[in-house]
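Colleague: Structure supplied as my_file-v9.txt; contents: compact mmCIF, C-alpha atoms.
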```
# COMPACT_ATOMS: atom_id res chain seq x y z
CA MET A 17 27.36 17.38 11.94
CA SER A 18 25.54 14.22 12.91
CA VAL A 19 23.91 11.44 10.89
CA THR A 20 20.98 9.28 12.07
CA VAL A 21 19.96 5.97 10.51
CA ARG A 22 16.83 3.98 11.34
CA VAL A 23 17.10 0.18 11.26
CA PRO A 24 14.38 -2.47 11.63
CA ALA A 25 13.95 -5.59 13.71
CA LYS A 26 13.36 -8.93 12.00
CA VAL A 27 11.30 -12.04 12.44
CA ASN A 28 12.28 -15.40 10.97
CA VAL A 29 9.15 -16.81 9.37
CA GLN A 30 11.16 -19.92 8.53
CA LEU A 31 14.39 -20.91 10.23
CA ALA A 32 15.56 -24.29 8.91
CA VAL A 33 18.83 -25.32 10.54
CA GLY A 34 21.28 -27.92 9.28
CA ALA A 35 23.95 -29.81 11.18
CA ALA A 36 26.95 -27.98 12.63
CA ARG A 37 29.70 -27.27 10.10
CA PRO A 38 33.43 -27.72 10.77
CA ASP A 39 33.70 -23.95 11.37
CA GLY A 40 31.07 -24.15 14.11
CA PHE A 41 28.33 -22.42 12.12
CA HIS A 42 25.21 -24.11 10.73
CA ASP A 43 23.88 -24.03 7.20
CA LEU A 44 20.50 -22.30 7.18
CA ALA A 45 17.45 -21.69 5.07
CA ASN A 46 16.46 -18.51 6.87
CA VAL A 47 13.46 -16.55 5.61
CA PHE A 48 13.77 -13.06 7.05
CA LEU A 49 10.96 -10.52 7.26
CA ALA A 50 11.78 -7.01 8.49
CA VAL A 51 9.20 -5.59 10.90
CA GLY A 52 8.29 -2.08 11.98
CA LEU A 53 10.15 -1.93 15.28
CA TYR A 54 13.24 0.24 14.95
CA ASP A 55 16.47 1.31 16.58
CA GLU A 56 18.00 4.65 15.61
CA VAL A 57 21.78 4.98 15.37
CA THR A 58 23.30 8.47 15.41
CA VAL A 59 26.97 9.17 14.73
CA GLU A 60 28.93 12.40 15.09
CA PRO A 61 32.58 13.44 15.21
CA ALA A 62 34.31 12.92 18.57
CA ASP A 63 37.79 12.82 20.08
CA SER A 64 37.74 9.01 20.13
CA LEU A 65 35.41 6.07 19.53
CA THR A 66 32.62 6.09 22.11
CA VAL A 67 29.29 4.29 22.35
CA THR A 68 26.22 5.41 24.30
CA CYS A 69 22.77 3.82 24.48
CA THR A 70 19.31 4.72 25.74
CA GLY A 71 15.95 2.98 25.68
CA PRO A 72 14.52 -0.34 26.93
CA GLY A 73 17.28 -2.79 27.80
CA ALA A 74 20.04 -0.21 27.36
CA ASP A 75 21.77 -1.44 30.51
CA GLN A 76 22.39 -4.78 28.75
CA VAL A 77 24.14 -3.22 25.73
CA PRO A 78 27.97 -3.24 25.80
CA LEU A 79 29.46 0.21 25.42
CA ASP A 80 32.99 -0.79 24.46
CA ARG A 81 34.65 -1.97 21.24
CA THR A 82 32.85 -5.32 21.44
CA ASN A 83 29.58 -3.57 20.55
CA LEU A 84 28.63 -4.57 16.99
CA ALA A 85 27.99 -0.94 16.05
CA ALA A 86 31.51 -0.01 17.22
CA ARG A 87 32.95 -2.98 15.31
CA ALA A 88 31.11 -1.79 12.19
CA ALA A 89 32.63 1.69 12.49
CA ILE A 90 36.10 0.20 13.00
CA ALA A 91 35.74 -2.12 9.99
CA LEU A 92 34.68 0.71 7.67
CA ALA A 93 37.42 3.01 8.98
CA GLU A 94 40.12 0.39 8.46
CA ARG A 95 39.00 -0.25 4.88
CA HIS A 96 39.24 3.44 4.05
CA GLY A 97 42.52 4.30 5.75
CA LEU A 98 41.05 5.97 8.82
CA GLY A 99 42.81 3.73 11.34
CA ASP A 100 41.45 1.35 13.95
CA ASP A 101 40.27 4.06 16.37
CA PRO A 102 37.77 6.12 14.39
CA LYS A 103 36.97 9.45 16.00
CA VAL A 104 33.23 9.03 16.23
CA ARG A 105 30.53 8.94 18.88
CA ILE A 106 27.84 6.32 18.27
CA HIS A 107 24.53 6.73 20.06
CA ILE A 108 21.99 3.90 19.91
CA ALA A 109 18.35 4.69 20.72
CA LYS A 110 16.96 1.21 21.43
CA ASP A 111 13.43 0.10 20.69
CA ILE A 112 14.18 -3.41 19.39
CA PRO A 113 14.21 -5.89 22.31
CA VAL A 114 17.73 -6.60 23.55
CA ALA A 115 18.89 -10.26 23.40
CA GLY A 116 15.43 -11.11 22.11
CA GLY A 117 16.08 -12.97 18.86
CA MET A 118 15.07 -9.98 16.72
CA ALA A 119 18.58 -8.97 15.53
CA GLY A 120 18.78 -5.73 17.50
CA GLY A 121 22.57 -5.82 17.72
CA SER A 122 22.82 -6.68 14.04
CA ALA A 123 20.50 -3.79 13.21
CA ASP A 124 22.71 -1.41 15.18
CA ALA A 125 25.77 -2.62 13.26
CA ALA A 126 24.08 -2.01 9.91
CA GLY A 127 22.88 1.38 11.10
CA ALA A 128 26.35 2.42 12.25
CA LEU A 129 27.86 1.28 8.97
CA VAL A 130 25.45 3.34 6.85
CA ALA A 131 25.71 6.34 9.19
CA CYS A 132 29.52 6.35 9.28
CA ASP A 133 29.68 5.97 5.52
CA ALA A 134 27.54 9.11 5.20
CA LEU A 135 29.41 11.02 7.94
CA TRP A 136 32.86 10.29 6.53
CA GLY A 137 31.91 10.44 2.86
CA THR A 138 33.65 7.13 2.21
CA GLY A 139 31.34 6.39 -0.73
CA ALA A 140 31.28 2.66 -0.05
CA SER A 141 29.29 0.65 -2.57
CA ARG A 142 26.33 -1.45 -1.48
CA GLU A 143 28.40 -4.55 -2.24
CA GLU A 144 31.20 -3.34 0.04
CA LEU A 145 28.76 -2.54 2.83
CA LEU A 146 27.18 -5.99 2.52
CA ASP A 147 30.63 -7.58 2.58
CA ILE A 148 31.46 -5.80 5.84
CA CYS A 149 28.04 -6.77 7.21
CA ALA A 150 28.74 -10.44 6.49
CA GLU A 151 32.07 -10.20 8.34
CA LEU A 152 30.29 -8.75 11.38
CA GLY A 153 27.54 -11.36 11.73
CA SER A 154 25.08 -13.63 9.99
CA ASP A 155 22.05 -11.35 10.49
CA VAL A 156 23.75 -8.02 9.75
CA PRO A 157 23.35 -8.09 5.93
CA PHE A 158 19.58 -8.47 6.21
CA SER A 159 19.39 -5.56 8.65
CA LEU A 160 20.93 -3.46 5.90
CA VAL A 161 18.57 -4.53 3.11
CA GLY A 162 15.27 -5.11 4.98
CA GLY A 163 12.07 -6.18 3.24
CA ALA A 164 12.03 -9.95 2.87
CA ALA A 165 14.87 -12.26 1.92
CA LEU A 166 16.04 -15.86 1.99
CA GLY A 167 19.33 -16.21 3.80
CA THR A 168 21.48 -19.24 3.02
CA GLY A 169 24.98 -20.27 4.04
CA ARG A 170 25.02 -19.19 7.67
CA GLY A 171 22.28 -16.69 6.78
CA GLU A 172 24.50 -14.01 5.23
CA GLN A 173 23.92 -14.93 1.56
CA LEU A 174 20.71 -13.10 0.70
CA GLU A 175 18.18 -13.57 -2.07
CA PRO A 176 15.48 -10.85 -2.04
CA LEU A 177 11.93 -12.18 -1.93
CA ASP A 178 8.68 -10.77 -3.25
CA VAL A 179 6.33 -9.98 -0.38
CA HIS A 180 2.83 -8.51 -0.54
CA GLY A 181 1.91 -7.17 2.87
CA PRO A 182 1.10 -5.97 5.25
CA PHE A 183 1.38 -8.86 7.67
CA TRP A 184 0.61 -7.87 11.25
CA TRP A 185 2.64 -9.24 14.15
CA VAL A 186 2.68 -9.15 17.92
CA PHE A 187 5.97 -9.64 19.77
CA ALA A 188 5.92 -10.70 23.41
CA VAL A 189 9.08 -9.61 25.19
CA ALA A 190 10.23 -12.03 27.87
CA ASP A 191 11.88 -11.24 31.19
CA GLY A 192 15.49 -12.23 30.60
CA GLY A 193 17.47 -13.14 27.51
CA LEU A 194 18.86 -16.15 25.70
CA SER A 195 22.37 -16.63 24.33
CA THR A 196 22.25 -17.48 20.62
CA PRO A 197 25.34 -19.76 20.87
CA ALA A 198 23.73 -21.58 23.81
CA VAL A 199 20.54 -22.14 21.82
CA TYR A 200 22.52 -23.56 18.91
CA ARG A 201 24.42 -25.86 21.27
CA GLU A 202 21.11 -27.11 22.64
CA PHE A 203 19.85 -27.58 19.08
CA ASP A 204 22.89 -29.74 18.35
CA ARG A 205 22.20 -31.81 21.45
CA LEU A 206 18.52 -32.28 20.59
CA THR A 207 19.03 -32.75 16.83
CA PRO A 208 22.15 -34.85 16.22
CA ARG A 209 21.17 -35.60 12.60
CA ALA A 210 19.69 -32.38 11.26
CA PRO A 211 18.57 -32.61 7.61
CA GLU A 212 19.72 -30.26 4.85
CA PRO A 213 17.83 -26.97 5.30
CA VAL A 214 15.46 -26.04 2.46
CA ALA A 215 13.11 -23.08 2.10
CA SER A 216 9.42 -23.98 1.99
CA PRO A 217 7.84 -23.25 -1.43
CA ALA A 218 4.43 -22.89 0.24
CA LEU A 219 5.79 -20.29 2.65
CA LEU A 220 7.46 -18.30 -0.12
CA ASP A 221 4.18 -18.37 -2.05
CA ALA A 222 2.26 -17.12 0.99
CA LEU A 223 4.64 -14.17 1.32
CA ARG A 224 4.30 -13.40 -2.37
CA THR A 225 0.49 -13.44 -2.29
CA GLY A 226 0.10 -11.73 1.08
CA ASP A 227 -2.02 -14.58 2.45
CA ALA A 228 -1.73 -14.45 6.24
CA SER A 229 -3.59 -17.73 6.80
CA ALA A 230 -1.34 -19.56 4.34
CA LEU A 231 1.74 -18.01 5.95
CA ALA A 232 0.50 -19.10 9.39
CA ALA A 233 0.24 -22.68 8.18
CA THR A 234 3.86 -22.74 7.02
CA VAL A 235 5.93 -20.76 9.58
CA THR A 236 8.55 -22.89 11.34
CA ASN A 237 11.56 -22.41 13.58
CA ASP A 238 13.94 -25.34 14.06
CA LEU A 239 15.49 -23.56 17.06
CA GLN A 240 12.19 -23.41 18.94
CA PRO A 241 12.57 -26.77 20.77
CA ALA A 242 16.04 -25.71 21.94
CA ALA A 243 14.81 -22.31 23.09
CA LEU A 244 11.91 -23.92 24.98
CA SER A 245 14.31 -26.42 26.56
CA LEU A 246 16.43 -23.57 27.93
CA PHE A 247 13.51 -21.21 28.70
CA PRO A 248 10.50 -23.47 29.51
CA SER A 249 8.21 -20.62 30.59
CA LEU A 250 7.97 -19.49 26.95
CA LYS A 251 5.42 -22.27 26.36
CA ALA A 252 2.91 -20.46 28.56
CA THR A 253 3.43 -17.29 26.53
CA LEU A 254 2.98 -19.14 23.24
CA ASP A 255 -0.21 -20.76 24.57
CA ALA A 256 -1.57 -17.39 25.72
CA GLY A 257 -1.07 -15.89 22.26
CA THR A 258 -2.73 -18.83 20.56
CA GLU A 259 -5.69 -18.66 22.94
CA ALA A 260 -6.00 -14.94 22.16
CA GLY A 261 -6.55 -15.70 18.47
CA ALA A 262 -3.10 -15.65 16.87
CA LEU A 263 -2.99 -17.39 13.50
CA ALA A 264 0.48 -18.69 14.37
CA ALA A 265 2.77 -18.52 17.39
CA LEU A 266 6.51 -19.17 17.37
CA VAL A 267 9.77 -18.27 19.04
CA SER A 268 11.48 -15.45 17.15
CA GLY A 269 14.93 -16.60 16.02
CA SER A 270 16.87 -17.90 19.01
CA GLY A 271 14.40 -16.24 21.40
CA PRO A 272 13.25 -15.51 23.98
CA THR A 273 10.95 -13.02 22.23
CA THR A 274 7.90 -14.83 20.85
CA ALA A 275 6.06 -13.81 17.69
CA TYR A 276 2.37 -14.03 16.81
CA LEU A 277 0.90 -13.59 13.35
CA ALA A 278 -2.49 -11.84 13.38
CA ALA A 279 -5.24 -11.61 10.78
CA ASP A 280 -5.10 -7.79 10.75
CA GLU A 281 -4.11 -4.78 12.85
CA ALA A 282 -7.21 -4.91 15.07
CA ALA A 283 -6.62 -8.57 15.83
CA ALA A 284 -2.97 -7.86 16.58
CA ARG A 285 -3.92 -5.22 19.15
CA ARG A 286 -6.37 -7.61 20.84
CA ILE A 287 -3.70 -10.30 21.02
CA ALA A 288 -1.19 -7.82 22.46
CA ASP A 289 -3.66 -6.76 25.15
CA ALA A 290 -4.39 -10.39 26.03
CA LEU A 291 -0.69 -11.25 26.24
CA THR A 292 0.01 -8.28 28.48
CA ALA A 293 -2.92 -9.24 30.73
CA SER A 294 -1.79 -12.89 30.87
CA GLY A 295 1.25 -12.06 32.97
CA THR A 296 3.38 -14.42 30.88
CA CYS A 297 5.59 -11.70 29.34
CA ARG A 298 7.06 -8.32 30.21
CA THR A 299 5.37 -6.44 27.39
CA ALA A 300 3.79 -7.01 23.98
CA ARG A 301 4.44 -4.92 20.88
CA VAL A 302 2.46 -4.64 17.63
CA ALA A 303 4.29 -4.14 14.32
CA PRO A 304 3.58 -4.51 10.59
CA SER A 305 5.82 -6.08 7.98
CA PRO A 306 7.58 -5.81 5.65
CA ALA A 307 9.70 -2.81 6.67
CA PRO A 308 12.57 -1.05 4.87
CA GLY A 309 16.17 -1.75 5.73
CA ALA A 310 18.70 0.74 7.12
CA SER A 311 17.50 4.21 6.10
CA LEU A 312 18.99 7.68 6.56
CA VAL A 313 16.81 9.87 8.77
CA THR A 314 19.15 12.91 8.96
CA GLY A 315 22.55 13.75 7.62
```
Could you write out this structure as structure tokens?
Modeller:
Amino acid sequence: MSVTVRVPAKVNVQLAVGAARPDGFHDLANVFLAVGLYDEVTVEPADSLTVTCTGPGADQVPLDRTNLAARAAIALAERHGLGDDPKVRIHIAKDIPVAGGMAGGSADAAGALVACDALWGTGASREELLDICAELGSDVPFSLVGGAALGTGRGEQLEPLDVHGPFWWVFAVADGGLSTPAVYREFDRLTPRAPEPVASPALLDALRTGDASALAATVTNDLQPAALSLFPSLKATLDAGTEAGALAALVSGSGPTTAYLAADEAAARRIADALTASGTCRTARVAPSPAPGASLVTG
């Protein structure tokens, strides 16, 4: 028997970042929007815990117990008396950019958690799954729930948001990656007195009404200056997307993937073609939002 779960990427339409906390994390007002780019995580019984991966960027994905999907399986197994070496093979079929600021690793963790719960029949409640997600990482809970949500605390405390889509996006995938901790360190250097993070009422209203132009006027990412400082060539990519007609252009999360909001699907495809032709990125992908969270495909 095997179980497959599909999990979405995310874009942060607002990422407001506060000062560093004593525990090293930052308080956030993080408005997540799940988008229609997906990884698929398949689990099946095995002699021991193993991880395999295929797809774009698979060579950058760790295949040992440090992989977030493996850590998710271990956490669920330990909670349900199955030991710390669950006998399961986890296969990740990647389509979300790796190390691209779109929560691909977090998505894989949420996918593995839901898949292992189904495979083992542990019957974990949604609250328990979300609790494990929060232990694994700040973005993992949203990968489980999908849709749209405001993340506070370090991003793990979620409040579902009303969203009336679709909103159409283009994602330009850069050559190379960025370390999220390094981006936050650069943010701290550039922003020694960060204000208290607060969600934008105008942005939340734009999501609720489905107004792409209003959303474009309100999207922000406090990590963008830090990402551009560490990866200066992203500015040329952002400029290319804007020149191609994007309503808004921003770094996605900690980067280096950049995100472009389009007026509609046709405009998104034109922007993607222009970005690809510009030579400023490795590839450009079109995706709608919102998208559902972790969902069983088989099993």
Colleague: Using all atoms listed in the file, find the one residue out of A:Thr253, A:Thr82, A:Thr58, A:Thr168 that sits nearest to Ile287 (chain A).
Modeller: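 Closest to Ile287 (chain A) of all the choices is A:Thr253.
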Colleague: So what do you get for CA of Val51 (chain A) versus CA of Leu145 (chain A), distance-wise?
Modeller: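 These two atoms are separated by 21.4 Å.
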Colleague: May I ask which of the residues A:Leu65, A:Glu144, A:Ala190, A:Phe203 is the closest one to Ala252 (chain A), counting only C-alpha atoms?
Modeller: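 Among A:Leu65, A:Glu144, A:Ala190, A:Phe203, it is A:Ala190 that comes nearest to Ala252 (chain A).
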Colleague: Between A:Ala140, A:Ala50, A:Ala115, A:Ala109, which residue has the minimum interatomic distance to Val189 (chain A), considering all atoms listed in the file?
Modeller: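 Nearest to Val189 (chain A): A:Ala115.
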Colleague: Could you put an axis-aligned box around every listed atom of region 104-118 of chain A, padded by 8 Å on each side, and send me its centre and edge lengths in Å to one decimal, as JSON?
Modeller:
```
{"center_x": 23.3, "center_y": -2.0, "center_z": 19.9, "size_x": 35.8, "size_y": 38.0, "size_z": 23.3}
```
Colleague: In Å, how far is it from CA of Thr296 (chain A) to CA of Ile108 (chain A)?
Modeller: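 For CA of Thr296 (chain A) relative to CA of Ile108 (chain A), the distance reads 28.3 Å.
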Colleague: Go through A:Ala284, A:Ala125, A:Val313, A:Ala215 and flag the residue nearest Ala45 (chain A), using only C-alpha atoms for the distances.
Modeller: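 Closest to Ala45 (chain A), using only C-alpha atoms: A:Ala215.
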Colleague: Between A:Glu175, A:Gly257, A:Arg105, A:Gly167, which residue has the minimum interatomic distance to Thr68 (chain A), considering only C-alpha atoms?
Modeller: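 That would be A:Arg105, the residue with the smallest distance to Thr68 (chain A).
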Colleague: Between A:Ala275, A:Ala293, A:Val33, A:Val23, which residue has the minimum interatomic distance to Gly309 (chain A), considering all atoms listed in the file?
Modeller: A:Val23
Colleague: Step by step: start from the point (15.7, -24.9, 6.2) in the file's coordinates, keep every protein, DNA or RNA residue that has an atom no farther than 9 Å from it, count only C-alpha atoms, and write the set as a list of chain:residue names.
Modeller: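 Counting only C-alpha atoms, I find these residues within 9 Å of (15.7, -24.9, 6.2): A:Gln30, A:Leu31, A:Ala32, A:Val33, A:Gly34, A:Asp43, A:Leu44, A:Ala45, A:Asn46, A:Val47, A:Thr168, A:Pro211, A:Glu212, A:Pro213, A:Val214, A:Ala215, A:Ser216, A:Asn237, A:Asp238.
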Colleague: Rounded to one decimal in Å, what is the spacing between CA of Pro38 (chain A) and CA of Leu206 (chain A)?
Modeller: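 CA of Leu206 (chain A) lies 18.4 Å from CA of Pro38 (chain A).
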Colleague: Could you please give me, as a compact mmCIF listing (two decimals) with C-alpha atoms, in the frame of the given file, the residues of protein, DNA or RNA lying at most 12 Å from (2.2, -23.8, 22.5) in the coordinate frame of the file, considering all atoms listed in the file?
Modeller:
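For reference, result10.txt as written:
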```txt
# COMPACT_ATOMS: atom_id res chain seq x y z
CA GLN A 240 12.19 -23.41 18.94
CA PRO A 241 12.57 -26.77 20.77
CA LEU A 244 11.91 -23.92 24.98
CA PRO A 248 10.50 -23.47 29.51
CA SER A 249 8.21 -20.62 30.59
CA LEU A 250 7.97 -19.49 26.95
CA LYS A 251 5.42 -22.27 26.36
CA ALA A 252 2.91 -20.46 28.56
CA THR A 253 3.43 -17.29 26.53
CA LEU A 254 2.98 -19.14 23.24
CA ASP A 255 -0.21 -20.76 24.57
CA ALA A 256 -1.57 -17.39 25.72
CA GLY A 257 -1.07 -15.89 22.26
CA THR A 258 -2.73 -18.83 20.56
CA GLU A 259 -5.69 -18.66 22.94
CA ALA A 262 -3.10 -15.65 16.87
CA ALA A 264 0.48 -18.69 14.37
CA ALA A 265 2.77 -18.52 17.39
CA LEU A 266 6.51 -19.17 17.37
CA VAL A 267 9.77 -18.27 19.04
CA THR A 274 7.90 -14.83 20.85
CA ALA A 275 6.06 -13.81 17.69
CA TYR A 276 2.37 -14.03 16.81
```
Colleague: Would you mind listing what lies within 7 Å of Ala243 (chain A) as a list in words, with only C-alpha atoms counted and same-chain residues fewer than 2 positions away left out?
Modeller: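 The residues that qualify are Val199, Leu239, Gln240, Pro241, Ser245, Leu246, Phe247, Ser270 and Gly271 of chain A.
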Colleague: If we count all atoms listed in the file, what is near His42 (chain A) at a cut-off of 9 Å, once residues fewer than 5 positions away on the same chain are taken out, given as a PyMOL selection string?
Modeller: chain A and resi 33-37+169-171+200
